[in-house]
Amino acid sequence: MEKKIVKIMVNGDWHELLVKQNMTLLEFLREELNLTGTKEACDEGECGACTVIMDGRSVNSCLVPIMEANGKEITTIEGLAKGQQLHPLQTAFIENGALQCGFCTPGMIMSSKALLDRNPCPTEMEIKGAIAGNICRCTGYNMIVEAIKTVTEPKG
Ligand code: FES
Ligand code: FES
């Protein structure tokens with residue numbers, strides 16, 4: 001497989017690497033950058049475990065060909081905490097018992113972040129819509145929705 005150079009900003013840093021053209025963004029993050037917080041499960045766009053934010057939109061990184069991510073800005077779960085300080089969504093998930101095994105959590109949080117970045121005070125329906133593509137086998141979703149609600153800004 002022919003290789004190509006890609007230049008992608010991940011969590012604020014540009015990475016310029018020679019990669020296989022048929023690689024996905026998920027493989028790039030996990031295998032080239034060692035950012036294993038983004039999870040791999042179905043590899044078919046069905047579970048949302050691999051969700052990251054690309055140029056402001058949540059995407060299933062297992063479905064994004066690496067050449068499509070070239071020149072783009074990616075945020076992964078590793079990009080949310082500031083040093084020891086967790087992102088408010090991360091704190092909310094912990095404080096509201098919104099995770100059990102934690103496998104879906106990075107994807108859930110990235111879908112939620114993409115929603116709150118464009119709509120800081122979503123309705124419950126909008127929250128449910130934003131995480132509709134993220135499958136959780138443990139929590140039953142209620143605690144996840146409640147956790148996200150605690151981070152929304154009250155409508156003024
Ligand atoms: S691993 Fe990408 S959607 Fe399931
Ligand atoms: S916490 Fe286990 S899959 Fe969601």
# chains A, B, ... in the order shown; residues from 1 in each chain; ligands from 1
>>> residues_near_ligand(ligand="ligand 1", cutoff="6 Å", atoms="only C-alpha atoms and all ligand atoms", output="PyMOL selection string")
chain A and resi 40-50+60-62
>>> residues_around(residues="Val10 in chain A", least_positions_apart="4", cutoff="12 Å", atoms="only C-alpha atoms", output="PyMOL selection string")
chain A and resi 14-16+25+28-30+32-35+52-55+69-80
>>> residues_near_ligand(ligand="ligand 2", cutoff="6 Å", atoms="only C-alpha atoms and all ligand atoms", output="list in words")
Leu99, Gln100, Cys101, Gly102, Phe103, Cys104, Thr105, Cys136, Arg137, Cys138 and Thr139 of chain A
>>> write_last_selection(atoms="C-alpha atoms", output="PDB file, in the first residue's frame")
ATOM      1  CA  LEU A  99     -20.021   5.036  33.812  1.00  0.00           C
ATOM      2  CA  GLN A 100     -19.471   1.479  34.806  1.00  0.00           C
ATOM      3  CA  CYS A 101     -16.968  -0.419  32.645  1.00  0.00           C
ATOM      4  CA  GLY A 102     -16.072   2.923  31.019  1.00  0.00           C
ATOM      5  CA  PHE A 103     -15.599   1.535  27.506  1.00  0.00           C
ATOM      6  CA  CYS A 104     -18.233   3.788  25.948  1.00  0.00           C
ATOM      7  CA  THR A 105     -17.312   6.805  28.075  1.00  0.00           C
ATOM      8  CA  CYS A 136     -23.601   1.728  26.352  1.00  0.00           C
ATOM      9  CA  ARG A 137     -24.037  -1.834  27.543  1.00  0.00           C
ATOM     10  CA  CYS A 138     -23.893  -0.981  31.246  1.00  0.00           C
ATOM     11  CA  THR A 139     -25.654   2.124  32.494  1.00  0.00           C
TER      12      THR A 139
END
>>> select_by_dssp(residues="range 24-134 of chain A", states="helix (DSSP H, G or I)", output="PyMOL selection string")
chain A and resi 25-32+61-63+66-69+77-79+88-95+105-118+124-130
>>> write_last_selection(atoms="N, CA and C atoms", output="tab-separated table (two decimals), in the first residue's frame")
chain	number	residue	atom	x	y	z
A	25	LEU	N	-8.75	7.16	10.55
A	25	LEU	CA	-8.37	8.13	11.58
A	25	LEU	C	-8.22	7.41	12.93
A	26	LEU	N	-9.09	6.44	13.20
A	26	LEU	CA	-8.99	5.69	14.46
A	26	LEU	C	-7.63	4.98	14.56
A	27	GLU	N	-7.22	4.33	13.50
A	27	GLU	CA	-5.91	3.64	13.52
A	27	GLU	C	-4.78	4.65	13.70
A	28	PHE	N	-4.90	5.79	13.03
A	28	PHE	CA	-3.87	6.83	13.15
A	28	PHE	C	-3.73	7.26	14.61
A	29	LEU	N	-4.86	7.52	15.27
A	29	LEU	CA	-4.83	7.99	16.65
A	29	LEU	C	-4.25	6.93	17.58
A	30	ARG	N	-4.73	5.71	17.44
A	30	ARG	CA	-4.33	4.65	18.38
A	30	ARG	C	-2.93	4.11	18.08
A	31	GLU	N	-2.65	3.89	16.79
A	31	GLU	CA	-1.40	3.19	16.46
A	31	GLU	C	-0.23	4.13	16.20
A	32	GLU	N	-0.49	5.26	15.57
A	32	GLU	CA	0.62	6.18	15.27
A	32	GLU	C	0.87	7.13	16.44
A	61	SER	N	-14.49	7.81	14.22
A	61	SER	CA	-13.17	7.84	13.59
A	61	SER	C	-12.84	6.54	12.86
A	62	CYS	N	-13.57	5.47	13.15
A	62	CYS	CA	-13.34	4.21	12.42
A	62	CYS	C	-13.82	4.31	10.98
A	63	LEU	N	-14.65	5.32	10.69
A	63	LEU	CA	-15.18	5.47	9.33
A	63	LEU	C	-14.49	6.60	8.55
A	66	ILE	N	-7.98	8.25	6.48
A	66	ILE	CA	-6.98	9.19	6.99
A	66	ILE	C	-6.79	10.39	6.07
A	67	MET	N	-6.94	10.19	4.76
A	67	MET	CA	-6.73	11.31	3.85
A	67	MET	C	-7.84	12.37	4.02
A	68	GLU	N	-8.99	11.93	4.52
A	68	GLU	CA	-10.09	12.88	4.76
A	68	GLU	C	-9.80	13.75	5.99
A	69	ALA	N	-8.98	13.23	6.89
A	69	ALA	CA	-8.63	13.99	8.10
A	69	ALA	C	-7.42	14.90	7.87
A	77	ILE	N	-10.43	12.41	23.58
A	77	ILE	CA	-10.67	12.46	25.03
A	77	ILE	C	-9.43	12.94	25.77
A	78	GLU	N	-8.24	12.63	25.23
A	78	GLU	CA	-7.00	13.05	25.92
A	78	GLU	C	-6.83	14.57	25.89
A	79	GLY	N	-7.57	15.24	25.00
A	79	GLY	CA	-7.40	16.68	24.84
A	79	GLY	C	-8.30	17.49	25.76
A	88	PRO	N	-15.33	19.58	32.71
A	88	PRO	CA	-16.59	19.46	33.47
A	88	PRO	C	-17.41	18.23	33.09
A	89	LEU	N	-17.40	17.83	31.84
A	89	LEU	CA	-18.15	16.63	31.46
A	89	LEU	C	-17.55	15.38	32.12
A	90	GLN	N	-16.23	15.32	32.17
A	90	GLN	CA	-15.59	14.16	32.80
A	90	GLN	C	-15.96	14.10	34.29
A	91	THR	N	-15.91	15.26	34.95
A	91	THR	CA	-16.28	15.31	36.37
A	91	THR	C	-17.74	14.92	36.54
A	92	ALA	N	-18.59	15.41	35.66
A	92	ALA	CA	-20.03	15.13	35.78
A	92	ALA	C	-20.31	13.63	35.61
A	93	PHE	N	-19.62	12.98	34.69
A	93	PHE	CA	-19.83	11.54	34.50
A	93	PHE	C	-19.43	10.78	35.76
A	94	ILE	N	-18.33	11.19	36.38
A	94	ILE	CA	-17.88	10.51	37.60
A	94	ILE	C	-18.86	10.76	38.73
A	95	GLU	N	-19.22	12.03	38.92
A	95	GLU	CA	-20.05	12.39	40.07
A	95	GLU	C	-21.48	11.85	39.96
A	105	THR	N	-17.36	5.45	27.50
A	105	THR	CA	-17.31	6.81	28.08
A	105	THR	C	-16.57	7.83	27.22
A	106	PRO	N	-15.39	7.54	26.70
A	106	PRO	CA	-14.73	8.56	25.87
A	106	PRO	C	-15.61	9.00	24.69
A	107	GLY	N	-16.25	8.04	24.03
A	107	GLY	CA	-17.11	8.38	22.90
A	107	GLY	C	-18.32	9.18	23.34
A	108	MET	N	-18.92	8.77	24.46
A	108	MET	CA	-20.08	9.51	25.00
A	108	MET	C	-19.70	10.95	25.29
A	109	ILE	N	-18.55	11.12	25.93
A	109	ILE	CA	-18.14	12.47	26.32
A	109	ILE	C	-17.81	13.31	25.08
A	110	MET	N	-17.21	12.73	24.07
A	110	MET	CA	-16.89	13.52	22.88
A	110	MET	C	-18.16	13.91	22.12
A	111	SER	N	-19.15	13.01	22.07
A	111	SER	CA	-20.43	13.38	21.43
A	111	SER	C	-21.11	14.49	22.22
A	112	SER	N	-21.04	14.39	23.55
A	112	SER	CA	-21.66	15.42	24.40
A	112	SER	C	-20.95	16.74	24.24
A	113	LYS	N	-19.63	16.69	24.17
A	113	LYS	CA	-18.86	17.94	24.04
A	113	LYS	C	-19.20	18.63	22.72
A	114	ALA	N	-19.28	17.86	21.65
A	114	ALA	CA	-19.61	18.46	20.35
A	114	ALA	C	-20.98	19.14	20.42
A	115	LEU	N	-21.92	18.50	21.13
A	115	LEU	CA	-23.25	19.11	21.29
A	115	LEU	C	-23.15	20.41	22.08
A	116	LEU	N	-22.50	20.36	23.25
A	116	LEU	CA	-22.47	21.54	24.12
A	116	LEU	C	-21.66	22.68	23.51
A	117	ASP	N	-20.68	22.36	22.68
A	117	ASP	CA	-19.91	23.42	22.02
A	117	ASP	C	-20.79	24.22	21.07
A	118	ARG	N	-21.76	23.56	20.43
A	118	ARG	CA	-22.60	24.31	19.48
A	118	ARG	C	-23.92	24.72	20.12
A	124	GLU	N	-33.46	17.89	26.82
A	124	GLU	CA	-33.18	16.47	27.05
A	124	GLU	C	-33.23	15.68	25.74
A	125	MET	N	-34.19	16.05	24.88
A	125	MET	CA	-34.29	15.36	23.59
A	125	MET	C	-33.03	15.58	22.75
A	126	GLU	N	-32.53	16.81	22.80
A	126	GLU	CA	-31.31	17.10	22.02
A	126	GLU	C	-30.12	16.33	22.59
A	127	ILE	N	-30.06	16.20	23.91
A	127	ILE	CA	-28.97	15.40	24.52
A	127	ILE	C	-29.09	13.95	24.05
A	128	LYS	N	-30.31	13.42	24.14
A	128	LYS	CA	-30.50	12.02	23.72
A	128	LYS	C	-30.16	11.84	22.25
A	129	GLY	N	-30.51	12.84	21.44
A	129	GLY	CA	-30.19	12.77	20.01
A	129	GLY	C	-28.70	12.77	19.77
A	130	ALA	N	-27.98	13.59	20.55
A	130	ALA	CA	-26.53	13.71	20.34
A	130	ALA	C	-25.79	12.42	20.68
>>> select_by_dssp(residues="range 9-111 of chain A", states="strand (DSSP E or B)", output="JSON, numbers by chain")
{"A": [9, 10, 13, 14, 15, 16, 17, 18, 19, 20, 24, 51, 52, 53, 54, 57, 58, 59, 60, 65, 73, 74, 75, 82, 85]}
>>> atom_distance(atom1="CA of Ile131 in chain A", atom2="CA of Asn96 in chain A")
16.7 Å
>>> atom_distance(atom1="CA of Gln85 in chain A", atom2="CA of Ala98 in chain A")
18.7 Å
>>> atom_distance(atom1="CA of Asn142 in chain A", atom2="CA of Pro122 in chain A")
15.8 Å
